[in-house]
Amino acid sequence: MPSTARIGAAQLQTGQFQGQTVRAVGKLVNIDGNFVHLQLAGEGPVAIVDLNSSALFTHEAVNKDYFEVIGALQAENVISPMATVHLGEKFDMDLYTEMMGLTYQFDEVF
């Protein structure tokens with residue numbers, strides 16, 4: 001089974017994984033119609049997730065809860081989700097950013 005790239009805001013900004021299946025962890029910062037905005041690990045633009053009727057994203061979770069989205073990265077930072085996991089309110093984004101850096105440094109392990 002091929003590995004799925006974990007992306008943060010920096011990888012989102014470069015577009016290097018566009019058209020590929022990715023894993024993105026972020027904090028829910030906005031719900032806008034049929035899309036939600038996630039602030040991914042690191043500094044940079046938000047990811048826009050096409051809702052596809054997912055009931056996991058609620059207005060109560062905005063600016064509080066973290067989610068992992070697995071899906072295809074499209075143009076303009078849009079992720080078309082295949083699966084979404086609710087990670088709750090207590091998620092250490094700094095530790096996740098560190099771990100993600102290790103996945104790129106030691107890609108043969110991950």
# chains A, B, ... in the order shown; residues from 1 in each chain; ligands from 1
$ residues_around --residues "Gln18 (chain A)" --least-positions-apart "5" --cutoff "9 Å" --atoms "only C-alpha atoms" --output "MDAnalysis selection string"
chainID A and resid 12 72:75 77
$ residues_around --residues "Lys27 (chain A)" --least-positions-apart "2" --cutoff "6 Å" --atoms "only C-alpha atoms" --output "PyMOL selection string"
chain A and resi 38-39+65-66
$ residues_around --residues "Ala9 (chain A)" --least-positions-apart "2" --cutoff "8 Å" --atoms "only C-alpha atoms" --output "PyMOL selection string"
chain A and resi 7+11-13+39-47
$ write_last_selection --atoms "N, CA and C atoms" --output "PDB file, in the first residue's frame"
ATOM      1  N   ILE A   7       0.703  16.614   5.064  1.00  0.00           N
ATOM      2  CA  ILE A   7       1.024  17.970   4.648  1.00  0.00           C
ATOM      3  C   ILE A   7       0.647  18.969   5.733  1.00  0.00           C
ATOM      4  N   GLN A  11       3.596  22.793   2.838  1.00  0.00           N
ATOM      5  CA  GLN A  11       3.410  21.925   1.679  1.00  0.00           C
ATOM      6  C   GLN A  11       2.176  22.318   0.881  1.00  0.00           C
ATOM      7  N   LEU A  12       1.172  22.803   1.583  1.00  0.00           N
ATOM      8  CA  LEU A  12      -0.037  23.274   0.911  1.00  0.00           C
ATOM      9  C   LEU A  12       0.299  24.460   0.014  1.00  0.00           C
ATOM     10  N   GLN A  13       1.144  25.346   0.531  1.00  0.00           N
ATOM     11  CA  GLN A  13       1.513  26.562  -0.185  1.00  0.00           C
ATOM     12  C   GLN A  13       2.331  26.257  -1.438  1.00  0.00           C
ATOM     13  N   GLN A  39      -6.775  25.441   9.681  1.00  0.00           N
ATOM     14  CA  GLN A  39      -5.417  25.976   9.790  1.00  0.00           C
ATOM     15  C   GLN A  39      -4.502  24.801  10.059  1.00  0.00           C
ATOM     16  N   LEU A  40      -3.668  24.482   9.076  1.00  0.00           N
ATOM     17  CA  LEU A  40      -2.793  23.325   9.179  1.00  0.00           C
ATOM     18  C   LEU A  40      -1.557  23.644  10.005  1.00  0.00           C
ATOM     19  N   ALA A  41      -0.784  22.614  10.293  1.00  0.00           N
ATOM     20  CA  ALA A  41       0.463  22.764  11.045  1.00  0.00           C
ATOM     21  C   ALA A  41       1.403  23.707  10.309  1.00  0.00           C
ATOM     22  N   GLY A  42       2.090  24.569  11.058  1.00  0.00           N
ATOM     23  CA  GLY A  42       3.005  25.528  10.465  1.00  0.00           C
ATOM     24  C   GLY A  42       2.289  26.800  10.058  1.00  0.00           C
ATOM     25  N   GLU A  43       3.056  27.705   9.465  1.00  0.00           N
ATOM     26  CA  GLU A  43       2.486  28.978   9.043  1.00  0.00           C
ATOM     27  C   GLU A  43       2.196  28.960   7.557  1.00  0.00           C
ATOM     28  N   GLY A  44       1.085  29.534   7.188  1.00  0.00           N
ATOM     29  CA  GLY A  44       0.720  29.582   5.782  1.00  0.00           C
ATOM     30  C   GLY A  44      -0.780  29.615   5.606  1.00  0.00           C
ATOM     31  N   PRO A  45      -1.224  29.354   4.387  1.00  0.00           N
ATOM     32  CA  PRO A  45      -2.653  29.458   4.076  1.00  0.00           C
ATOM     33  C   PRO A  45      -3.469  28.349   4.734  1.00  0.00           C
ATOM     34  N   VAL A  46      -4.763  28.582   4.829  1.00  0.00           N
ATOM     35  CA  VAL A  46      -5.663  27.553   5.343  1.00  0.00           C
ATOM     36  C   VAL A  46      -6.000  26.573   4.235  1.00  0.00           C
ATOM     37  N   ALA A  47      -6.325  25.353   4.633  1.00  0.00           N
ATOM     38  CA  ALA A  47      -6.830  24.356   3.691  1.00  0.00           C
ATOM     39  C   ALA A  47      -8.343  24.507   3.648  1.00  0.00           C
TER      40      ALA A  47
END
$ select_by_dssp --residues "chain A" --states "alpha helix (DSSP H)" --output "JSON, numbers by chain"
{"A": [9, 10, 11, 12, 13, 14, 93, 94, 95, 96, 97, 98, 99, 100, 101, 102, 103, 104, 105]}
$ write_last_selection --atoms "N, CA and C atoms" --output "mmCIF file, in the first residue's frame"
data_model
loop_
_atom_site.group_PDB
_atom_site.id
_atom_site.type_symbol
_atom_site.label_atom_id
_atom_site.label_comp_id
_atom_site.auth_asym_id
_atom_site.auth_seq_id
_atom_site.Cartn_x
_atom_site.Cartn_y
_atom_site.Cartn_z
ATOM 1 N N ALA A 9 0.881 23.539 6.356
ATOM 2 C CA ALA A 9 0.648 24.767 5.592
ATOM 3 C C ALA A 9 1.743 25.009 4.553
ATOM 4 N N ALA A 10 2.991 24.678 4.888
ATOM 5 C CA ALA A 10 4.096 24.913 3.944
ATOM 6 C C ALA A 10 3.942 24.073 2.685
ATOM 7 N N GLN A 11 3.596 22.793 2.838
ATOM 8 C CA GLN A 11 3.410 21.925 1.679
ATOM 9 C C GLN A 11 2.176 22.318 0.881
ATOM 10 N N LEU A 12 1.172 22.803 1.583
ATOM 11 C CA LEU A 12 -0.037 23.274 0.911
ATOM 12 C C LEU A 12 0.299 24.460 0.014
ATOM 13 N N GLN A 13 1.144 25.346 0.531
ATOM 14 C CA GLN A 13 1.513 26.562 -0.185
ATOM 15 C C GLN A 13 2.331 26.257 -1.438
ATOM 16 N N THR A 14 3.193 25.249 -1.384
ATOM 17 C CA THR A 14 4.042 24.934 -2.546
ATOM 18 C C THR A 14 3.259 24.255 -3.661
ATOM 19 N N MET A 93 -0.453 20.726 18.404
ATOM 20 C CA MET A 93 -0.076 21.027 17.022
ATOM 21 C C MET A 93 1.437 21.218 16.892
ATOM 22 N N ASP A 94 2.100 21.733 17.913
ATOM 23 C CA ASP A 94 3.549 21.900 17.856
ATOM 24 C C ASP A 94 4.248 20.544 17.780
ATOM 25 N N LEU A 95 3.810 19.599 18.577
ATOM 26 C CA LEU A 95 4.381 18.259 18.541
ATOM 27 C C LEU A 95 4.103 17.590 17.192
ATOM 28 N N TYR A 96 2.902 17.791 16.685
ATOM 29 C CA TYR A 96 2.564 17.226 15.375
ATOM 30 C C TYR A 96 3.451 17.827 14.280
ATOM 31 N N THR A 97 3.708 19.121 14.352
ATOM 32 C CA THR A 97 4.572 19.780 13.367
ATOM 33 C C THR A 97 5.978 19.186 13.419
ATOM 34 N N GLU A 98 6.464 18.934 14.635
ATOM 35 C CA GLU A 98 7.773 18.304 14.800
ATOM 36 C C GLU A 98 7.794 16.907 14.183
ATOM 37 N N MET A 99 6.763 16.120 14.470
ATOM 38 C CA MET A 99 6.667 14.768 13.925
ATOM 39 C C MET A 99 6.604 14.804 12.403
ATOM 40 N N MET A 100 5.856 15.745 11.876
ATOM 41 C CA MET A 100 5.719 15.846 10.428
ATOM 42 C C MET A 100 7.065 16.164 9.780
ATOM 43 N N GLY A 101 7.853 17.013 10.423
ATOM 44 C CA GLY A 101 9.186 17.306 9.923
ATOM 45 C C GLY A 101 10.054 16.058 9.860
ATOM 46 N N LEU A 102 9.899 15.194 10.858
ATOM 47 C CA LEU A 102 10.660 13.941 10.861
ATOM 48 C C LEU A 102 10.243 13.018 9.722
ATOM 49 N N THR A 103 8.971 13.065 9.349
ATOM 50 C CA THR A 103 8.534 12.199 8.243
ATOM 51 C C THR A 103 9.193 12.591 6.932
ATOM 52 N N TYR A 104 9.525 13.871 6.773
ATOM 53 C CA TYR A 104 10.213 14.312 5.568
ATOM 54 C C TYR A 104 11.718 14.068 5.677
ATOM 55 N N GLN A 105 12.247 14.173 6.896
ATOM 56 C CA GLN A 105 13.670 13.953 7.101
ATOM 57 C C GLN A 105 14.031 12.470 6.974
#
$ atom_distance --atom1 "CA of Glu60 (chain A)" --atom2 "CA of Lys90 (chain A)"
14.9 Å
$ select_by_dssp --residues "chain A" --states "strand (DSSP E or B)" --output "VMD selection string"
chain A and resid 5 to 7 21 to 32 35 to 40 47 to 50 66 to 73 78 to 88
$ residues_around --residues "Thr58 (chain A)" --least-positions-apart "5" --cutoff "12 Å" --atoms "only C-alpha atoms" --output "PyMOL selection string"
chain A and resi 28-33+35-37+51+53+63-67+86
$ write_last_selection --atoms "N, CA, C and O atoms" --output "JSON list (two decimals), in the first residue's frame"
[["chain", "number", "residue", "atom", "x", "y", "z"],
["A", 28, "LEU", "N", -10.10, 23.66, 13.05],
["A", 28, "LEU", "CA", -11.24, 24.22, 12.33],
["A", 28, "LEU", "C", -11.34, 25.71, 12.66],
["A", 28, "LEU", "O", -11.49, 26.08, 13.82],
["A", 29, "VAL", "N", -11.23, 26.57, 11.63],
["A", 29, "VAL", "CA", -11.28, 28.01, 11.87],
["A", 29, "VAL", "C", -12.49, 28.69, 11.24],
["A", 29, "VAL", "O", -12.79, 29.82, 11.59],
["A", 30, "ASN", "N", -13.19, 27.99, 10.34],
["A", 30, "ASN", "CA", -14.35, 28.62, 9.72],
["A", 30, "ASN", "C", -15.19, 27.57, 9.00],
["A", 30, "ASN", "O", -14.67, 26.61, 8.45],
["A", 31, "ILE", "N", -16.49, 27.79, 9.01],
["A", 31, "ILE", "CA", -17.42, 27.01, 8.19],
["A", 31, "ILE", "C", -18.09, 28.01, 7.27],
["A", 31, "ILE", "O", -18.69, 28.98, 7.73],
["A", 32, "ASP", "N", -17.96, 27.79, 5.98],
["A", 32, "ASP", "CA", -18.45, 28.73, 4.98],
["A", 32, "ASP", "C", -19.25, 27.98, 3.92],
["A", 32, "ASP", "O", -18.68, 27.47, 2.96],
["A", 33, "GLY", "N", -20.57, 27.88, 4.14],
["A", 33, "GLY", "CA", -21.40, 27.16, 3.19],
["A", 33, "GLY", "C", -21.03, 25.69, 3.11],
["A", 33, "GLY", "O", -21.09, 24.98, 4.10],
["A", 35, "PHE", "N", -18.07, 24.49, 2.55],
["A", 35, "PHE", "CA", -16.64, 24.34, 2.78],
["A", 35, "PHE", "C", -16.29, 24.67, 4.23],
["A", 35, "PHE", "O", -16.95, 25.47, 4.87],
["A", 36, "VAL", "N", -15.23, 24.03, 4.72],
["A", 36, "VAL", "CA", -14.68, 24.39, 6.02],
["A", 36, "VAL", "C", -13.23, 24.78, 5.80],
["A", 36, "VAL", "O", -12.59, 24.35, 4.83],
["A", 37, "HIS", "N", -12.71, 25.61, 6.67],
["A", 37, "HIS", "CA", -11.33, 26.06, 6.59],
["A", 37, "HIS", "C", -10.57, 25.49, 7.78],
["A", 37, "HIS", "O", -11.01, 25.65, 8.93],
["A", 51, "LEU", "N", -17.14, 19.99, 2.10],
["A", 51, "LEU", "CA", -17.85, 19.29, 3.16],
["A", 51, "LEU", "C", -18.40, 17.92, 2.77],
["A", 51, "LEU", "O", -18.35, 17.00, 3.55],
["A", 53, "SER", "N", -21.24, 16.83, 2.95],
["A", 53, "SER", "CA", -22.24, 16.50, 3.97],
["A", 53, "SER", "C", -21.67, 15.81, 5.21],
["A", 53, "SER", "O", -22.34, 15.02, 5.84],
["A", 63, "ASN", "N", -12.69, 27.14, 15.95],
["A", 63, "ASN", "CA", -11.63, 27.70, 16.80],
["A", 63, "ASN", "C", -11.37, 26.89, 18.07],
["A", 63, "ASN", "O", -10.76, 27.39, 19.00],
["A", 64, "LYS", "N", -11.85, 25.64, 18.11],
["A", 64, "LYS", "CA", -11.61, 24.78, 19.26],
["A", 64, "LYS", "C", -11.07, 23.40, 18.86],
["A", 64, "LYS", "O", -10.12, 22.94, 19.46],
["A", 65, "ASP", "N", -11.68, 22.76, 17.88],
["A", 65, "ASP", "CA", -11.40, 21.36, 17.60],
["A", 65, "ASP", "C", -10.46, 21.15, 16.42],
["A", 65, "ASP", "O", -10.40, 21.97, 15.50],
["A", 66, "TYR", "N", -9.78, 20.02, 16.48],
["A", 66, "TYR", "CA", -8.82, 19.62, 15.44],
["A", 66, "TYR", "C", -9.35, 18.41, 14.69],
["A", 66, "TYR", "O", -10.07, 17.58, 15.26],
["A", 67, "PHE", "N", -8.99, 18.33, 13.41],
["A", 67, "PHE", "CA", -9.45, 17.26, 12.54],
["A", 67, "PHE", "C", -8.31, 16.79, 11.65],
["A", 67, "PHE", "O", -7.42, 17.57, 11.31],
["A", 86, "HIS", "N", -12.22, 13.22, 13.72],
["A", 86, "HIS", "CA", -12.30, 14.29, 14.72],
["A", 86, "HIS", "C", -11.27, 13.99, 15.79],
["A", 86, "HIS", "O", -11.30, 12.92, 16.41]]
$ closest_residue --among "A:Phe106, A:Phe57, A:Glu68, A:Asp50" --to "Pro81 (chain A)" --atoms "only C-alpha atoms"
A:Asp50
$ atom_distance --atom1 "CA of Leu87 (chain A)" --atom2 "CA of Gln20 (chain A)"
22.9 Å
$ atom_distance --atom1 "CA of Ser80 (chain A)" --atom2 "CA of Val62 (chain A)"
19.6 Å
$ closest_residue --among "A:Asn34, A:Asp107, A:Val78, A:Gly26" --to "Phe91 (chain A)" --atoms "only C-alpha atoms"
A:Gly26
$ closest_residue --among "A:Ala61, A:Arg23, A:Glu108, A:Thr4" --to "Gly88 (chain A)" --atoms "only C-alpha atoms"
A:Ala61
$ closest_residue --among "A:Ala55, A:Val69, A:Ala5, A:Thr84" --to "Gly19 (chain A)" --atoms "only C-alpha atoms"
A:Ala5
$ decode --residues "region 3-26 of chain A" --atoms "N, CA and C atoms" --output "compact mmCIF listing (two decimals), in the first residue's frame"
# COMPACT_ATOMS: atom_id res chain seq x y z
N SER A 3 2.29 4.98 0.65
CA SER A 3 2.11 5.89 1.77
C SER A 3 1.39 7.16 1.30
N THR A 4 0.76 7.82 2.25
CA THR A 4 0.05 9.06 1.98
C THR A 4 0.83 10.19 2.61
N ALA A 5 1.14 11.22 1.85
CA ALA A 5 1.92 12.35 2.36
C ALA A 5 1.14 13.11 3.42
N ARG A 6 1.83 13.42 4.51
CA ARG A 6 1.26 14.32 5.52
C ARG A 6 1.68 15.73 5.12
N ILE A 7 0.70 16.61 5.06
CA ILE A 7 1.02 17.97 4.65
C ILE A 7 0.65 18.97 5.73
N GLY A 8 1.42 20.04 5.79
CA GLY A 8 1.12 21.17 6.64
C GLY A 8 0.92 22.38 5.74
N ALA A 9 0.88 23.54 6.36
CA ALA A 9 0.65 24.77 5.59
C ALA A 9 1.74 25.01 4.55
N ALA A 10 2.99 24.68 4.89
CA ALA A 10 4.10 24.91 3.94
C ALA A 10 3.94 24.07 2.69
N GLN A 11 3.60 22.79 2.84
CA GLN A 11 3.41 21.93 1.68
C GLN A 11 2.18 22.32 0.88
N LEU A 12 1.17 22.80 1.58
CA LEU A 12 -0.04 23.27 0.91
C LEU A 12 0.30 24.46 0.01
N GLN A 13 1.14 25.35 0.53
CA GLN A 13 1.51 26.56 -0.19
C GLN A 13 2.33 26.26 -1.44
N THR A 14 3.19 25.25 -1.38
CA THR A 14 4.04 24.93 -2.55
C THR A 14 3.26 24.26 -3.66
N GLY A 15 2.18 23.57 -3.30
CA GLY A 15 1.40 22.86 -4.31
C GLY A 15 2.06 21.59 -4.79
N GLN A 16 3.14 21.14 -4.14
CA GLN A 16 3.88 19.98 -4.62
C GLN A 16 3.07 18.69 -4.58
N PHE A 17 2.02 18.63 -3.76
CA PHE A 17 1.22 17.42 -3.65
C PHE A 17 -0.14 17.55 -4.34
N GLN A 18 -0.32 18.59 -5.13
CA GLN A 18 -1.59 18.79 -5.82
C GLN A 18 -1.89 17.59 -6.70
N GLY A 19 -3.13 17.12 -6.64
CA GLY A 19 -3.56 15.96 -7.42
C GLY A 19 -3.29 14.64 -6.74
N GLN A 20 -2.66 14.68 -5.55
CA GLN A 20 -2.34 13.46 -4.82
C GLN A 20 -3.22 13.32 -3.58
N THR A 21 -3.27 12.11 -3.06
CA THR A 21 -3.96 11.87 -1.80
C THR A 21 -3.04 12.30 -0.67
N VAL A 22 -3.58 13.09 0.25
CA VAL A 22 -2.80 13.65 1.36
C VAL A 22 -3.53 13.45 2.68
N ARG A 23 -2.77 13.61 3.76
CA ARG A 23 -3.32 13.66 5.12
C ARG A 23 -3.01 15.05 5.66
N ALA A 24 -4.03 15.73 6.13
CA ALA A 24 -3.84 17.08 6.65
C ALA A 24 -4.53 17.19 8.00
N VAL A 25 -3.77 17.64 9.01
CA VAL A 25 -4.32 17.85 10.34
C VAL A 25 -4.38 19.35 10.58
N GLY A 26 -5.52 19.82 11.07
CA GLY A 26 -5.64 21.24 11.31
C GLY A 26 -6.77 21.58 12.27
